file upload21.csv (CSV, C-alpha atoms)
chain,number,residue,atom,x,y,z
J,226,MET,CA,245.1,261.0,51.3
J,227,SER,CA,247.2,264.0,52.0
J,228,GLU,CA,251.0,264.0,51.3
J,229,GLN,CA,251.6,264.3,55.0
J,230,THR,CA,249.5,261.2,55.7
J,231,LYS,CA,251.2,259.3,52.9
J,232,ALA,CA,254.6,260.1,54.3
J,233,SER,CA,253.5,259.0,57.7
J,234,ALA,CA,252.0,255.8,56.4
J,235,ARG,CA,255.2,254.8,54.6
J,236,ILE,CA,257.1,254.5,57.9
J,237,ALA,CA,254.3,252.8,59.8
J,238,GLY,CA,255.1,249.3,61.0
J,239,PRO,CA,252.8,246.3,61.0
J,240,ARG,CA,249.4,246.8,62.7
J,241,ASP,CA,247.5,244.2,64.6
J,242,ALA,CA,245.1,246.5,66.6
J,243,GLY,CA,241.7,245.0,67.2
J,244,GLU,CA,243.0,241.4,66.7
J,245,GLY,CA,242.6,239.0,69.5
J,246,GLY,CA,245.1,236.5,70.9
J,247,THR,CA,248.3,236.9,72.8
J,248,PRO,CA,250.2,240.2,72.4
J,249,PRO,CA,253.9,240.3,71.7
J,250,VAL,CA,256.3,239.5,74.5
J,251,ASN,CA,258.8,242.2,73.6
J,252,ASP,CA,258.0,245.4,75.4
J,253,SER,CA,258.4,247.7,72.3
J,254,ALA,CA,256.2,245.5,70.2
J,255,PHE,CA,253.7,245.3,73.0
J,256,ALA,CA,253.7,249.1,73.3
J,257,ARG,CA,252.8,249.2,69.6
J,258,TRP,CA,250.1,246.5,70.0
J,259,LEU,CA,248.6,248.3,72.9
J,260,ALA,CA,248.6,251.8,71.3
J,261,ASP,CA,247.0,250.3,68.2
J,262,ARG,CA,244.3,248.6,70.2
J,263,ALA,CA,243.4,251.8,72.0
J,264,GLY,CA,243.5,253.6,68.6
J,265,GLN,CA,240.9,251.3,67.1
J,266,ILE,CA,238.6,251.8,70.1
J,267,LEU,CA,238.9,255.5,69.6
J,268,LEU,CA,238.0,255.2,65.9
J,269,GLN,CA,234.9,253.2,66.9
J,270,VAL,CA,233.9,255.7,69.6
J,271,ARG,CA,234.2,258.6,67.1
J,272,ALA,CA,232.1,256.7,64.5
J,273,GLU,CA,229.4,255.7,67.0
J,274,THR,CA,229.2,258.9,69.0
J,275,GLY,CA,229.5,261.4,66.2
J,276,HIS,CA,230.6,265.0,66.5
J,277,ALA,CA,227.4,266.8,67.4
J,278,ASP,CA,228.4,267.1,71.1
J,279,GLY,CA,232.2,267.7,71.2
J,280,LYS,CA,232.4,267.6,75.0
J,281,ALA,CA,230.6,264.2,75.1
J,282,LEU,CA,232.8,262.8,72.4
J,283,LYS,CA,236.0,263.9,74.2
J,284,ALA,CA,234.8,262.3,77.5
J,285,ALA,CA,233.8,259.1,75.8
J,286,GLY,CA,237.0,258.8,73.9
J,287,ASP,CA,239.2,259.5,77.0
J,288,GLN,CA,237.3,256.9,79.1
J,289,ALA,CA,237.2,254.2,76.5
J,290,ALA,CA,240.9,254.3,75.6
J,291,HIS,CA,241.9,254.6,79.3
J,292,ASP,CA,239.7,251.6,80.3
J,293,LEU,CA,241.2,249.5,77.5
J,294,LEU,CA,244.8,250.4,78.3
J,295,ARG,CA,244.3,249.8,82.0
J,296,ALA,CA,242.6,246.4,81.4
J,297,GLU,CA,245.2,245.2,79.0
J,298,LEU,CA,248.1,246.3,81.2
J,299,ALA,CA,246.5,244.6,84.2
J,300,ARG,CA,246.1,241.4,82.1
J,301,TRP,CA,249.4,241.2,80.4
J,302,ARG,CA,251.8,243.2,82.6
J,303,PRO,CA,250.2,242.8,86.1
J,304,ALA,CA,253.4,243.4,88.0
J,305,ASP,CA,254.1,246.8,86.4
J,306,ALA,CA,252.9,250.2,87.6
J,307,VAL,CA,251.0,252.6,85.5
J,308,LEU,CA,250.7,256.4,85.2
J,309,SER,CA,247.8,257.4,83.0
J,310,GLU,CA,246.5,260.9,82.3
J,311,GLU,CA,243.0,259.7,83.2
J,312,ASP,CA,244.0,258.3,86.6
J,313,GLU,CA,242.1,260.0,89.5
J,314,HIS,CA,245.3,261.4,91.1
J,315,SER,CA,247.5,261.6,88.0
J,316,ARG,CA,248.4,265.3,88.4
J,317,VAL,CA,249.3,265.2,92.1
J,318,ALA,CA,252.8,266.3,93.0
J,319,TRP,CA,253.5,263.8,95.7
J,320,THR,CA,255.5,264.8,98.8
J,321,GLU,CA,257.8,262.8,101.1
J,322,GLY,CA,255.8,260.1,102.9
J,323,HIS,CA,252.9,260.3,100.5
J,324,HIS,CA,253.5,258.6,97.1
J,325,PRO,CA,251.9,256.1,94.8
J,326,ASP,CA,253.4,252.6,94.2
J,327,ARG,CA,254.9,253.7,90.8
J,328,LEU,CA,257.6,255.7,92.5
J,329,GLY,CA,259.1,252.6,94.0
J,330,ALA,CA,258.4,250.4,91.0
J,331,ASN,CA,261.1,249.1,88.6
J,332,ARG,CA,258.7,249.3,85.6
J,333,VAL,CA,256.1,252.0,84.9
J,334,TRP,CA,253.9,252.4,81.9
J,335,ILE,CA,253.3,256.0,81.1
J,336,VAL,CA,250.2,256.4,78.9
J,337,ASP,CA,248.1,259.1,77.4
J,338,PRO,CA,244.9,257.4,76.2
J,339,LEU,CA,244.0,260.3,73.9
J,340,ASP,CA,246.5,263.1,73.1
J,341,GLY,CA,244.7,265.9,71.3
J,342,THR,CA,241.2,265.6,72.5
J,343,ARG,CA,240.2,268.9,70.8
J,344,GLU,CA,241.3,267.5,67.4
J,345,PHE,CA,239.6,264.2,68.2
J,346,SER,CA,236.3,266.0,68.7
J,347,GLU,CA,236.5,267.9,65.4
J,348,GLU,CA,235.2,266.2,62.4
J,349,GLY,CA,237.8,265.5,59.7
J,350,ARG,CA,240.9,266.2,61.8
J,351,ASP,CA,243.5,263.4,62.0
J,352,ASP,CA,246.1,265.1,64.3
J,353,TRP,CA,245.4,263.2,67.5
J,354,ALA,CA,247.2,260.2,69.0
J,355,VAL,CA,247.6,257.5,71.6
J,356,HIS,CA,250.8,257.4,73.7
J,357,VAL,CA,252.2,254.3,75.4
J,358,ALA,CA,255.7,254.3,77.0
J,359,LEU,CA,257.6,252.1,79.4
J,360,TRP,CA,260.0,253.6,81.9
J,361,THR,CA,262.4,251.2,83.6
J,362,ALA,CA,264.4,252.1,86.7
J,363,ASP,CA,267.5,250.1,85.8
J,364,SER,CA,267.5,250.8,82.1
J,365,SER,CA,270.5,252.1,80.2
J,366,ALA,CA,268.2,253.6,77.5
J,367,PRO,CA,268.1,257.4,77.2
J,368,VAL,CA,266.1,258.9,80.0
J,369,ARG,CA,265.2,255.3,81.0
J,370,LEU,CA,262.4,255.0,78.4
J,371,THR,CA,262.8,251.5,77.2
J,372,ALA,CA,259.8,251.3,74.9
J,373,GLY,CA,257.3,253.7,73.3
J,374,ALA,CA,254.6,253.9,70.7
J,375,VAL,CA,252.6,256.7,69.2
J,376,ALA,CA,249.5,255.6,67.3
J,377,MET,CA,247.8,258.1,65.0
J,378,PRO,CA,244.7,256.0,64.2
J,379,ALA,CA,243.1,258.5,61.8
J,380,ARG,CA,246.3,258.5,59.8
J,381,HIS,CA,246.6,254.7,59.9
J,382,CYS,CA,250.1,255.1,61.2
J,383,THR,CA,252.0,254.0,64.3
J,384,LEU,CA,255.6,255.0,65.2
J,385,ALA,CA,257.3,252.8,67.8
J,386,THR,CA,260.6,251.8,69.2
J,387,ASP,CA,260.3,248.2,68.0
J,388,GLN,CA,260.9,249.5,64.4
J,389,PRO,CA,262.2,253.1,64.9
J,390,PRO,CA,262.2,255.1,61.7
J,391,ALA,CA,265.6,255.9,60.2
J,392,TYR,CA,267.0,259.3,61.0
J,393,PRO,CA,265.1,261.7,58.7
J,394,PRO,CA,267.0,262.9,55.7
J,395,MET,CA,268.1,266.6,55.7
J,396,PRO,CA,265.2,268.6,54.5
J,397,LEU,CA,265.9,270.6,51.4
J,398,GLU,CA,265.0,273.9,53.1
J,399,SER,CA,267.6,273.3,55.9
J,400,ALA,CA,270.2,271.9,53.6
J,401,THR,CA,270.1,275.0,51.4
J,402,GLY,CA,269.8,277.5,54.3
J,403,GLY,CA,266.1,278.0,53.9
J,404,ALA,CA,263.5,278.3,56.7
J,405,ILE,CA,263.6,275.9,59.6
J,406,ARG,CA,260.1,274.4,60.2
J,407,ILE,CA,259.0,274.4,63.9
J,408,ALA,CA,255.9,272.4,64.8
J,409,ALA,CA,253.6,274.6,66.9
J,410,SER,CA,250.2,274.5,68.5
J,411,ARG,CA,247.4,275.4,66.1
J,412,THR,CA,245.3,277.0,68.8
J,413,ARG,CA,247.6,278.2,71.6
J,414,PRO,CA,251.2,278.5,70.6
J,415,PRO,CA,253.4,279.9,73.4
J,416,ALA,CA,254.0,283.6,72.9
J,417,PHE,CA,257.8,283.2,72.9
J,418,VAL,CA,257.7,280.7,70.0
J,419,THR,CA,256.7,283.5,67.5
J,420,ALA,CA,259.7,285.6,68.6
J,421,LEU,CA,261.9,282.5,68.4
J,422,ALA,CA,260.8,281.8,64.9
J,423,GLU,CA,261.5,285.4,63.8
J,424,ASP,CA,265.0,285.2,65.4
J,425,LEU,CA,265.7,281.9,63.5
J,426,GLY,CA,263.9,282.9,60.3
J,427,ALA,CA,261.8,279.8,60.9
J,428,GLU,CA,258.4,278.9,59.7
J,429,LEU,CA,255.7,277.8,62.2
J,430,VAL,CA,253.8,274.7,61.2
J,431,PRO,CA,250.5,274.5,63.1
J,432,MET,CA,249.2,271.1,64.1
J,433,GLY,CA,247.4,269.3,66.9
J,434,SER,CA,248.6,267.0,69.6
J,435,ALA,CA,252.1,266.9,71.1
J,436,GLY,CA,252.6,263.4,69.8
J,437,VAL,CA,251.7,264.4,66.3
J,438,LYS,CA,254.1,267.4,66.5
J,439,ILE,CA,257.0,265.2,67.6
J,440,ALA,CA,256.0,262.6,65.0
J,441,ALA,CA,256.4,265.4,62.4
J,442,VAL,CA,260.0,265.8,63.5
J,443,ILE,CA,260.6,262.1,63.5
J,444,ASN,CA,259.4,261.7,59.9
J,445,GLY,CA,261.0,264.9,58.6
J,446,GLU,CA,257.9,267.0,58.1
J,447,ALA,CA,259.3,269.5,60.7
J,448,ASP,CA,262.8,270.2,61.9
J,449,ALA,CA,261.9,270.9,65.6
J,450,TYR,CA,259.2,271.0,68.2
J,451,VAL,CA,259.5,273.4,71.1
J,452,HIS,CA,257.1,273.7,74.0
J,453,ALA,CA,257.2,275.6,77.3
J,454,GLY,CA,253.6,276.1,78.1
J,455,GLY,CA,253.1,273.3,80.6
J,456,GLN,CA,252.8,269.6,80.0
J,457,TYR,CA,252.9,266.3,82.0
J,458,GLU,CA,255.0,263.2,81.6
J,459,TRP,CA,252.3,261.4,79.5
J,460,ASP,CA,252.3,264.2,76.9
J,461,SER,CA,255.9,263.4,75.8
J,462,ALA,CA,257.1,260.1,77.2
J,463,ALA,CA,256.1,257.9,74.2
J,464,PRO,CA,257.0,260.3,71.4
J,465,VAL,CA,260.3,261.2,73.1
J,466,ALA,CA,261.1,257.4,73.4
J,467,VAL,CA,260.6,257.0,69.6
J,468,ALA,CA,262.4,260.3,68.8
J,469,LEU,CA,265.5,259.2,70.8
J,470,ALA,CA,265.4,255.7,69.2
J,471,THR,CA,265.4,257.5,65.9
J,472,GLY,CA,268.5,259.5,66.8
J,473,LEU,CA,266.9,262.9,67.4
J,474,HIS,CA,267.8,265.3,70.2
J,475,ALA,CA,265.3,265.6,73.0
J,476,SER,CA,265.8,267.7,76.2
J,477,ARG,CA,264.4,270.4,78.4
J,478,VAL,CA,264.5,273.8,76.8
J,479,ASP,CA,267.6,274.7,78.8
J,480,GLY,CA,269.4,271.6,77.4
J,481,SER,CA,269.1,269.6,80.6
J,482,PRO,CA,267.9,266.0,80.4
J,483,LEU,CA,264.2,265.0,80.6
J,484,ALA,CA,263.2,262.9,83.5
J,485,TYR,CA,260.2,260.6,83.9
J,486,ASN,CA,258.4,258.8,86.7
J,487,GLN,CA,259.0,261.7,89.0
J,488,ALA,CA,257.0,262.6,92.2
J,489,ASP,CA,255.7,265.6,90.4
J,490,PRO,CA,254.5,264.4,87.0
J,491,LYS,CA,254.5,267.9,85.5
J,492,LEU,CA,257.1,268.2,82.8
J,493,PRO,CA,256.4,271.7,81.5
J,494,ASP,CA,258.9,272.1,78.7
J,495,LEU,CA,260.8,270.2,76.1
J,496,VAL,CA,262.5,270.5,72.7
J,497,VAL,CA,262.8,267.8,70.1
J,498,CYS,CA,264.8,268.5,67.0
J,499,ARG,CA,267.4,267.3,64.6
J,500,LYS,CA,270.8,266.8,66.3
J,501,ASP,CA,272.5,269.2,63.9
J,502,LEU,CA,270.0,271.9,64.8
J,503,ALA,CA,270.1,271.5,68.6
J,504,PRO,CA,273.0,273.8,69.4
J,505,ARG,CA,271.6,276.7,67.4
J,506,LEU,CA,268.1,276.2,68.6
J,507,LEU,CA,269.0,275.8,72.3
J,508,ALA,CA,271.1,279.0,72.1
J,509,ALA,CA,268.2,280.9,70.6
J,510,LEU,CA,265.8,279.6,73.2
J,511,GLN,CA,267.9,281.2,75.9
J,512,ARG,CA,267.3,284.6,74.3
J,513,HIS,CA,263.5,284.1,74.1
J,514,LEU,CA,262.3,282.0,77.1
J,515,PRO,CA,259.9,283.8,79.4
call {"tool": "encode", "arguments": {"input": "upload21.csv", "output": "structure tokens"}}
result
Amino acid sequence: MSEQTKASARIAGPRDAGEGGTPPVNDSAFARWLADRAGQILLQVRAETGHADGKALKAAGDQAAHDLLRAELARWRPADAVLSEEDEHSRVAWTEGHHPDRLGANRVWIVDPLDGTREFSEEGRDDWAVHVALWTADSSAPVRLTAGAVAMPARHCTLATDQPPAYPPMPLESATGGAIRIAASRTRPPAFVTALAEDLGAELVPMGSAGVKIAAVINGEADAYVHAGGQYEWDSAAPVAVALATGLHASRVDGSPLAYNQADPKLPDLVVCRKDLAPRLLAALQRHLP
């Protein structure tokens, strides 16, 4: 097991994925339970399908996890609305007079059945995740995300708001004035991120899914994650919920608040970082944004 995996495993909460019976009543614990169930299905699909046909493996994983999440939400939270990446019209920017039920709902589950399909399809990679978040219209929680869970099944680790990790200790590098570590895409990092890193004297740490990158900030493996290349609500809702519960900063790259369950589900940019780093990072972003 890698040191990174060991560090993640140390902060994982109890796992009951794959076990039958009644799930927890508490929404945060339920989000963990649900993400873990989907994660176990994905591990099974990976083992049974194999990696010979990456496209087929991606499709099988996406569908299996989506079906499980939809079925369990329909069974245990039938009155709640759902926004899943794999829904038929998930990416539609709804206009006035045309909108799904979720826009009038008080409770909406925002889920990404498989975040990091590329990594899921590559043998040996563990940087992929399942996202489950709950948005509540009348919530006083930050950005109205009342529950969230990020399961990283291949790492045997789940981060969730029922047991949010403690605020990560100051990394030695940052404490001594060394390089800030910015989690970045391993295959397609936004062009401005390289310039941002040079400006800050930062080190780019490549890894897979958005959930895994934000998890790296949550557990102290990275100091920040910055993205401005286009995402949707399901890419960040669950990991942002956990990051905020942990005490980290999360916002748009211009410092404005994130917003979920919007008519247009596109949420193209965000920054998640240590609160002590946020002013410096947001100021540097204004110099380098496209």
call {"tool": "closest_residue", "arguments": {"input": "upload21.csv", "among": "J:Leu282, J:Val336, J:Leu294, J:Ala372", "to": "Thr386 in chain J", "atoms": "all atoms listed in the file"}}
result
J:Ala372
call {"tool": "residues_around", "arguments": {"input": "upload21.csv", "residues": "Asp292 in chain J", "least_positions_apart": "2", "cutoff": "12 Å", "atoms": "all atoms listed in the file", "output": "JSON, numbers by chain"}}
result
{"J": [262, 263, 266, 267, 285, 286, 287, 288, 289, 290, 294, 295, 296, 297, 298, 299, 309, 310, 311, 312, 336, 337, 338, 339]}
call {"tool": "closest_residue", "arguments": {"input": "upload21.csv", "among": "J:Gln265, J:Asn331, J:Gln511, J:Asn444", "to": "His381 in chain J", "atoms": "all atoms listed in the file"}}
result
J:Gln265
call {"tool": "residues_near_point", "arguments": {"input": "upload21.csv", "point": "(248.2, 270.9, 88.5)", "cutoff": "10 Å", "atoms": "all atoms listed in the file", "output": "JSON, numbers by chain"}}
result
{"J": [315, 316, 317, 318, 455, 456, 457, 489, 490, 491]}
call {"tool": "atom_distance", "arguments": {"input": "upload21.csv", "atom1": "CA of Asp387 in chain J", "atom2": "CA of Gly373 in chain J"}}
result
8.2 Å
call {"tool": "atom_distance", "arguments": {"input": "upload21.csv", "atom1": "CA of Lys283 in chain J", "atom2": "CA of His356 in chain J"}}
result
16.2 Å
call {"tool": "residues_around", "arguments": {"input": "upload21.csv", "residues": "Ala379 in chain J", "least_positions_apart": "3", "cutoff": "9 Å", "atoms": "only C-alpha atoms", "output": "PyMOL selection string"}}
result
chain J and resi 264+268+350-354+376+382
call {"tool": "atom_distance", "arguments": {"input": "upload21.csv", "atom1": "CA of Arg406 in chain J", "atom2": "CA of Ala385 in chain J"}}
result
23.1 Å
